[in-house]
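Student: My file is structure_3.txt. It has compact mmCIF, C-alpha atoms and all ligand atoms:
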# COMPACT_ATOMS: atom_id res chain seq x y z
CA MET A 25 29.62 -98.43 30.65
CA SER A 26 30.26 -96.64 33.90
CA ASP A 27 30.75 -92.90 33.53
CA LEU A 28 33.26 -92.96 36.40
CA ARG A 29 36.32 -91.17 35.01
CA LYS A 30 39.73 -91.16 36.62
CA THR A 31 41.64 -89.12 34.08
CA ALA A 32 45.39 -88.96 34.66
CA THR A 33 46.63 -85.50 35.61
CA SER A 34 49.84 -84.68 33.79
CA ALA A 35 52.14 -81.73 33.14
CA GLU A 36 51.65 -82.27 29.42
CA PRO A 37 48.49 -83.61 27.79
CA LEU A 38 48.52 -87.36 27.21
CA HIS A 39 46.79 -89.29 24.47
CA PRO A 40 43.25 -90.00 25.73
CA LEU A 41 43.81 -93.76 25.43
CA LEU A 42 46.54 -93.40 28.07
CA ALA A 43 44.96 -90.68 30.21
CA GLU A 44 41.57 -92.40 30.54
CA ARG A 45 42.83 -95.94 31.21
CA TRP A 46 42.45 -97.24 34.73
CA SER A 47 42.00 -100.63 36.39
CA PRO A 48 38.41 -101.16 37.54
CA ARG A 49 37.03 -103.86 39.79
CA ALA A 50 33.35 -103.40 38.88
CA PHE A 51 32.85 -105.30 35.60
CA ASP A 52 29.55 -105.86 33.78
CA PRO A 53 28.73 -109.52 34.54
CA ASP A 54 26.46 -109.84 31.46
CA HIS A 55 28.93 -108.56 28.91
CA GLN A 56 30.87 -110.83 26.53
CA LEU A 57 33.77 -109.90 24.29
CA THR A 58 33.35 -110.58 20.59
CA ASP A 59 35.81 -112.88 18.84
CA ARG A 60 36.97 -109.84 16.86
CA GLN A 61 37.78 -107.93 20.07
CA ILE A 62 39.79 -110.85 21.44
CA THR A 63 41.70 -111.05 18.16
CA ALA A 64 42.39 -107.29 18.28
CA LEU A 65 43.80 -107.56 21.81
CA LEU A 66 46.08 -110.44 20.89
CA GLU A 67 47.23 -108.72 17.69
CA ALA A 68 48.15 -105.62 19.71
CA ALA A 69 50.22 -107.77 22.06
CA ARG A 70 51.78 -109.65 19.15
CA TRP A 71 53.15 -106.46 17.60
CA ALA A 72 54.97 -105.31 20.73
CA PRO A 73 58.75 -104.97 20.48
CA SER A 74 60.96 -107.57 22.19
CA ALA A 75 64.64 -108.31 22.72
CA GLY A 76 66.01 -109.77 19.49
CA ASN A 77 62.37 -110.09 18.34
CA SER A 78 62.18 -113.17 20.59
CA GLN A 79 58.42 -112.65 21.28
CA PRO A 80 58.46 -114.61 24.56
CA TRP A 81 54.85 -113.77 25.53
CA ARG A 82 52.26 -116.53 25.69
CA PHE A 83 48.54 -116.22 26.48
CA ALA A 84 45.59 -118.41 27.46
CA VAL A 85 42.23 -116.71 26.92
CA THR A 86 39.34 -118.04 28.99
CA ARG A 87 35.76 -116.84 28.69
CA ARG A 88 33.43 -116.46 31.67
CA GLY A 89 31.18 -119.51 31.79
CA SER A 90 33.83 -121.98 30.55
CA ALA A 91 35.52 -124.66 32.64
CA ALA A 92 38.93 -123.12 31.84
CA HIS A 93 37.78 -119.76 33.18
CA ALA A 94 36.56 -121.38 36.40
CA SER A 95 39.93 -123.11 36.81
CA VAL A 96 41.88 -119.87 36.32
CA LEU A 97 39.54 -117.95 38.63
CA ASP A 98 40.12 -120.57 41.29
CA THR A 99 43.88 -119.89 41.28
CA LEU A 100 43.38 -116.18 42.07
CA ASP A 101 43.78 -114.77 45.55
CA PRO A 102 40.36 -114.56 47.25
CA ALA A 103 40.66 -110.74 47.29
CA ASN A 104 40.83 -110.85 43.48
CA GLN A 105 38.22 -113.58 42.98
CA VAL A 106 35.52 -111.46 44.61
CA TRP A 107 35.51 -109.02 41.69
CA ALA A 108 37.39 -110.71 38.82
CA HIS A 109 34.70 -113.36 38.33
CA ALA A 110 32.51 -110.77 36.58
CA ALA A 111 34.99 -109.85 33.84
CA ALA A 112 34.14 -111.34 30.44
CA VAL A 113 37.55 -112.94 30.02
CA LEU A 114 40.53 -113.86 32.15
CA ILE A 115 43.76 -113.98 30.17
CA VAL A 116 46.69 -115.91 31.61
CA VAL A 117 49.89 -114.10 30.67
CA ALA A 118 53.08 -116.13 30.67
CA ALA A 119 56.60 -115.74 29.39
CA GLN A 120 58.77 -118.33 27.75
CA SER A 121 61.67 -117.52 30.03
CA VAL A 122 63.81 -120.41 28.82
CA THR A 123 64.20 -121.52 25.19
CA ALA A 124 63.49 -125.11 24.13
CA ASP A 125 67.25 -125.83 24.25
CA GLY A 126 67.61 -124.47 27.79
CA ALA A 127 69.04 -120.98 27.16
CA SER A 128 67.65 -118.32 29.47
CA ARG A 129 65.83 -115.28 28.10
CA PRO A 130 66.70 -112.47 30.50
CA TRP A 131 64.30 -109.98 28.88
CA ALA A 132 61.28 -112.30 28.77
CA ALA A 133 59.37 -110.66 31.65
CA TYR A 134 60.22 -107.15 30.43
CA ASP A 135 59.02 -107.97 26.93
CA THR A 136 55.86 -109.67 28.12
CA GLY A 137 54.86 -106.72 30.31
CA GLN A 138 55.32 -104.52 27.28
CA ALA A 139 53.02 -106.76 25.24
CA VAL A 140 50.33 -106.45 27.92
CA ALA A 141 50.73 -102.66 27.85
CA HIS A 142 49.98 -102.80 24.11
CA LEU A 143 46.98 -105.04 24.80
CA SER A 144 45.71 -102.57 27.43
CA VAL A 145 45.84 -99.61 25.07
CA GLN A 146 44.03 -101.59 22.36
CA ALA A 147 41.40 -102.59 24.94
CA GLN A 148 40.87 -98.95 25.85
CA HIS A 149 40.40 -98.21 22.15
CA GLU A 150 37.79 -101.00 22.00
CA GLY A 151 35.86 -99.46 24.92
CA LEU A 152 37.02 -102.27 27.19
CA ALA A 153 38.74 -102.16 30.57
CA VAL A 154 41.72 -104.21 31.75
CA HIS A 155 42.78 -105.08 35.29
CA GLN A 156 46.06 -106.97 35.63
CA MET A 157 46.63 -109.24 38.63
CA GLY A 158 49.75 -110.64 40.21
CA GLY A 159 47.76 -112.10 43.08
CA PHE A 160 47.38 -115.77 42.19
CA ASP A 161 48.80 -119.16 43.17
CA ARG A 162 51.81 -119.55 40.86
CA ASP A 163 52.19 -123.31 41.17
CA ARG A 164 48.52 -124.02 40.58
CA LEU A 165 48.35 -121.67 37.61
CA ALA A 166 51.55 -123.15 36.13
CA ALA A 167 50.01 -126.61 36.49
CA LEU A 168 47.09 -125.50 34.30
CA LEU A 169 49.49 -124.54 31.49
CA ALA A 170 50.05 -128.05 30.18
CA HIS A 171 53.04 -128.47 32.51
CA ASP A 172 55.41 -126.65 30.14
CA PRO A 173 58.53 -125.95 32.26
CA THR A 174 59.80 -123.28 29.83
CA VAL A 175 56.74 -121.10 30.42
CA THR A 176 56.39 -118.97 33.56
CA PRO A 177 53.01 -117.42 34.43
CA LEU A 178 53.39 -113.71 35.18
CA SER A 179 49.88 -112.33 35.55
CA VAL A 180 46.19 -112.89 35.02
CA VAL A 181 44.45 -110.10 33.15
CA ALA A 182 40.73 -109.43 33.58
CA VAL A 183 39.15 -107.82 30.52
CA GLY A 184 35.57 -106.69 30.11
CA ARG A 185 33.25 -103.75 30.09
CA ARG A 186 33.11 -101.58 33.16
CA ALA A 187 29.86 -101.99 35.10
CA PRO A 188 27.20 -99.31 34.82
CA ALA A 189 27.50 -96.69 37.56
CA ASP A 190 25.02 -98.53 39.80
CA GLY A 191 27.14 -101.68 39.39
CA LEU A 192 29.59 -100.13 41.84
CA ASP A 193 27.05 -100.92 44.53
CA ASP A 194 27.69 -104.64 43.92
CA LEU A 195 31.24 -104.24 45.26
CA ASP A 196 31.69 -104.43 48.99
CA ALA A 197 32.19 -101.09 50.77
CA SER A 198 35.99 -101.05 50.83
CA LEU A 199 36.28 -102.05 47.15
CA GLY A 200 33.67 -99.43 46.22
CA GLU A 201 35.76 -96.82 48.00
CA ARG A 202 38.92 -97.89 46.13
CA GLU A 203 36.96 -97.86 42.87
CA ARG A 204 35.99 -94.22 43.35
CA ALA A 205 39.36 -93.05 44.71
CA PRO A 206 41.50 -90.87 42.45
CA ARG A 207 44.51 -92.54 40.86
CA GLN A 208 47.89 -91.77 42.42
CA ARG A 209 51.37 -91.60 40.95
CA LEU A 210 54.85 -90.54 41.97
CA SER A 211 55.89 -87.27 40.35
CA VAL A 212 58.19 -87.35 37.33
CA THR A 213 60.88 -85.77 39.53
CA ASP A 214 60.65 -88.74 41.89
CA LEU A 215 61.40 -91.05 38.97
CA MET A 216 64.63 -89.38 37.93
CA LEU A 217 67.97 -91.09 38.48
CA THR A 218 71.33 -89.40 38.36
CA VAL A 219 74.15 -90.74 36.22
CA GLY A 220 77.31 -90.03 38.20
CA PRO A 221 80.76 -89.34 36.71
CA ALA A 222 82.19 -92.62 38.04
CA LEU A 223 79.53 -94.63 36.20
CA VAL A 224 80.20 -92.76 32.97
CA ALA A 225 83.96 -93.33 33.36
CA ASP A 226 83.44 -97.09 33.89
CA HIS A 227 81.89 -97.40 30.46
CA ARG A 228 84.48 -95.43 28.46
C1 LIG A 301 51.91 -106.76 37.55
C2 LIG A 301 50.66 -106.20 38.21
C3 LIG A 301 50.06 -106.90 39.23
C4 LIG A 301 48.88 -106.42 39.81
N1 LIG A 301 48.23 -107.18 40.76
C5 LIG A 301 47.02 -106.81 41.20
C6 LIG A 301 46.26 -107.67 42.03
O1 LIG A 301 46.64 -108.81 42.32
N2 LIG A 301 45.05 -107.22 42.47
C7 LIG A 301 44.55 -105.99 42.11
O2 LIG A 301 43.44 -105.66 42.54
N3 LIG A 301 45.25 -105.15 41.31
C8 LIG A 301 46.46 -105.53 40.83
N4 LIG A 301 47.15 -104.72 39.96
C9 LIG A 301 46.58 -103.41 39.55
C10 LIG A 301 47.35 -102.26 40.18
O3 LIG A 301 47.06 -102.19 41.55
C11 LIG A 301 46.98 -100.95 39.44
O4 LIG A 301 47.40 -101.04 38.10
C12 LIG A 301 47.64 -99.74 40.11
O5 LIG A 301 47.12 -99.54 41.39
C13 LIG A 301 47.47 -98.47 39.29
O6 LIG A 301 46.11 -98.22 39.09
P1 LIG A 301 45.54 -97.91 37.62
O7 LIG A 301 45.87 -99.10 36.75
O8 LIG A 301 44.05 -97.75 37.80
O9 LIG A 301 46.21 -96.68 37.12
C14 LIG A 301 48.32 -105.18 39.37
C15 LIG A 301 48.94 -104.49 38.33
C16 LIG A 301 50.09 -104.99 37.74
C17 LIG A 301 50.71 -104.23 36.58
Can you dump the structure from the file as structure tokens?
Tutor:
Amino acid sequence: MSDLRKTATSAEPLHPLLAERWSPRAFDPDHQLTDRQITALLEAARWAPSAGNSQPWRFAVTRRGSAAHASVLDTLDPANQVWAHAAAVLIVVAAQSVTADGASRPWAAYDTGQAVAHLSVQAQHEGLAVHQMGGFDRDRLAALLAHDPTVTPLSVVAVGRRAPADGLDDLDASLGERERAPRQRLSVTDLMLTVGPALVADHR
């Protein structure tokens, strides 16, 4: 695996599974996930919390080399296709945003993102890398999901082993530059909201 590290800088030390996770574009095109690894990723997602334990997340796992993988790859934005083709699997992530009897599930997207966060941490533990993508053709991807109107595709997740350091050279120049760039975040201060007195009063 690539020795390129992009460790998160933080005011307090983070667990290494969190601090060392990042989203690569250079994947090893010869690597395959084992069945056990795929099971571990899905189990991690399965045990995420959800509103009312509704578990709205749904997944389609496609392996590189399969017809299903080629179909999913084809729905990605060209800017994603150029690197995502090399990842061992592409996982379609969808949420059952409406129940079978038509009731809406307002937390479905929130819950499903949380399940993917679990999956990402488990992947890091397995020595794998994850790169989530929102850049795909929603209608075409939805059409691949057996035309189930209750299920909304939310992302496609590339999972694989990061390419060896010289694999970065296979990316075009601008992607190689992004691959090596340090990771950026807003500061914790920037994330803070203020709860004003009027809002508190409204809820008394
Ligand atoms: C919902 C979502 C959609 C994303 N869509 C794309 C995408 O289409 N293409 C891409 O290259 N990266 C995509 N990303 C990856 C983000 O750009 C990346 O997570 C962010 O820049 C932070 O970098 P890090 O994961 O390495 O910390 C997406 C991430 C998420 C969570």
Student: Which residue, A:Val140, A:Leu28, A:Ala133, A:Val181, has the smallest gap to A:Gly159 when you use all atoms listed in the file?
Tutor: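 Closest to A:Gly159 of all the choices is A:Val181.
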Student: I'd like the neighbourhood of A:Ala92 as a PDB file with C-alpha atoms, in the coordinates of the input, where a residue qualifies if any of its atoms comes within 12 Å (using only C-alpha atoms), though same-chain residues fewer than 3 positions away should be ignored.
Tutor:
ATOM      1  CA  ALA A  84      45.590-118.410  27.460  1.00  0.00           C
ATOM      2  CA  VAL A  85      42.230-116.710  26.920  1.00  0.00           C
ATOM      3  CA  THR A  86      39.340-118.040  28.990  1.00  0.00           C
ATOM      4  CA  ARG A  87      35.760-116.840  28.690  1.00  0.00           C
ATOM      5  CA  ARG A  88      33.430-116.460  31.670  1.00  0.00           C
ATOM      6  CA  GLY A  89      31.180-119.510  31.790  1.00  0.00           C
ATOM      7  CA  SER A  95      39.930-123.110  36.810  1.00  0.00           C
ATOM      8  CA  VAL A  96      41.880-119.870  36.320  1.00  0.00           C
ATOM      9  CA  LEU A  97      39.540-117.950  38.630  1.00  0.00           C
ATOM     10  CA  ASP A  98      40.120-120.570  41.290  1.00  0.00           C
ATOM     11  CA  THR A  99      43.880-119.890  41.280  1.00  0.00           C
ATOM     12  CA  VAL A 113      37.550-112.940  30.020  1.00  0.00           C
ATOM     13  CA  LEU A 114      40.530-113.860  32.150  1.00  0.00           C
ATOM     14  CA  ILE A 115      43.760-113.980  30.170  1.00  0.00           C
ATOM     15  CA  VAL A 116      46.690-115.910  31.610  1.00  0.00           C
ATOM     16  CA  LEU A 165      48.350-121.670  37.610  1.00  0.00           C
ATOM     17  CA  LEU A 168      47.090-125.500  34.300  1.00  0.00           C
ATOM     18  CA  LEU A 169      49.490-124.540  31.490  1.00  0.00           C
TER      19      LEU A 169
END
Student: What are the closest atom pairs, with distances in Å to one decimal, for all residues of chain A lying within 6 Å of ligand LIG 301 (chain A)? Consider all atoms listed in the file, order rows by chain and residue number, and present the result as CSV.
Tutor:
residue,atom,partner,partner_atom,distance
A:Trp46,CA,A:LIG301,O8,3.5
A:Ser47,CA,A:LIG301,O8,3.8
A:Asn104,CA,A:LIG301,N2,5.7
A:His155,CA,A:LIG301,C9,5.9
A:Gln156,CA,A:LIG301,C15,4.7
A:Met157,CA,A:LIG301,N1,3.4
A:Gly158,CA,A:LIG301,N1,3.8
A:Gly159,CA,A:LIG301,O1,3.6
A:Arg207,CA,A:LIG301,O9,5.8
Student: Dump C-alpha atoms for the selected residues as a PDB file, keeping the file's coordinate frame?
Tutor:
ATOM      1  CA  TRP A  46      42.450 -97.240  34.730  1.00  0.00           C
ATOM      2  CA  SER A  47      42.000-100.630  36.390  1.00  0.00           C
ATOM      3  CA  ASN A 104      40.830-110.850  43.480  1.00  0.00           C
ATOM      4  CA  HIS A 155      42.780-105.080  35.290  1.00  0.00           C
ATOM      5  CA  GLN A 156      46.060-106.970  35.630  1.00  0.00           C
ATOM      6  CA  MET A 157      46.630-109.240  38.630  1.00  0.00           C
ATOM      7  CA  GLY A 158      49.750-110.640  40.210  1.00  0.00           C
ATOM      8  CA  GLY A 159      47.760-112.100  43.080  1.00  0.00           C
ATOM      9  CA  ARG A 207      44.510 -92.540  40.860  1.00  0.00           C
TER      10      ARG A 207
END
Student: If we count all atoms listed in the file and set the cut-off at 9 Å, which residues sit around A:Leu199, ignoring sequence neighbours fewer than 5 positions away in its own chain? Please answer as a VMD selection string.
Tutor: chain A and resid 49 to 50 107 192 204
Student: Go ahead and dump the residues you just picked, C-alpha atoms, as an mmCIF file, in the frame of the given file.
Tutor:
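selection_28.cif was written with the following content:
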data_model
loop_
_atom_site.group_PDB
_atom_site.id
_atom_site.type_symbol
_atom_site.label_atom_id
_atom_site.label_comp_id
_atom_site.auth_asym_id
_atom_site.auth_seq_id
_atom_site.Cartn_x
_atom_site.Cartn_y
_atom_site.Cartn_z
ATOM 1 C CA ARG A 49 37.030 -103.860 39.790
ATOM 2 C CA ALA A 50 33.350 -103.400 38.880
ATOM 3 C CA TRP A 107 35.510 -109.020 41.690
ATOM 4 C CA LEU A 192 29.590 -100.130 41.840
ATOM 5 C CA ARG A 204 35.990 -94.220 43.350
#
Student: Using only C-alpha atoms for the distances, tell me which of A:Leu57, A:Ala167, A:Val117, A:Val212 is nearest to A:Trp81.
Tutor: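 Of A:Leu57, A:Ala167, A:Val117, A:Val212, the one nearest A:Trp81, counting only C-alpha atoms, is A:Val117.
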Student: Nearest residue to A:Pro73 out of A:Ala141, A:Ala127, A:Ala112, A:Ala32, using all atoms listed in the file?
Tutor: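 That would be A:Ala141, the residue with the smallest distance to A:Pro73.
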Student: Please determine, counting all atoms listed in the file, which residue among A:Thr218, A:Thr136, A:Gln208, A:Thr176 has the shortest atom-to-atom distance to A:Thr123.
Tutor: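 Using all atoms listed in the file, the shortest distance to A:Thr123 belongs to A:Thr176.
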Student: I need the residue nearest A:Leu152 from this list: A:Trp71, A:Phe51, A:Phe83, A:Trp131. Use only C-alpha atoms for the distance.
Tutor: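 Nearest candidate to A:Leu152 out of A:Trp71, A:Phe51, A:Phe83, A:Trp131: A:Phe51.
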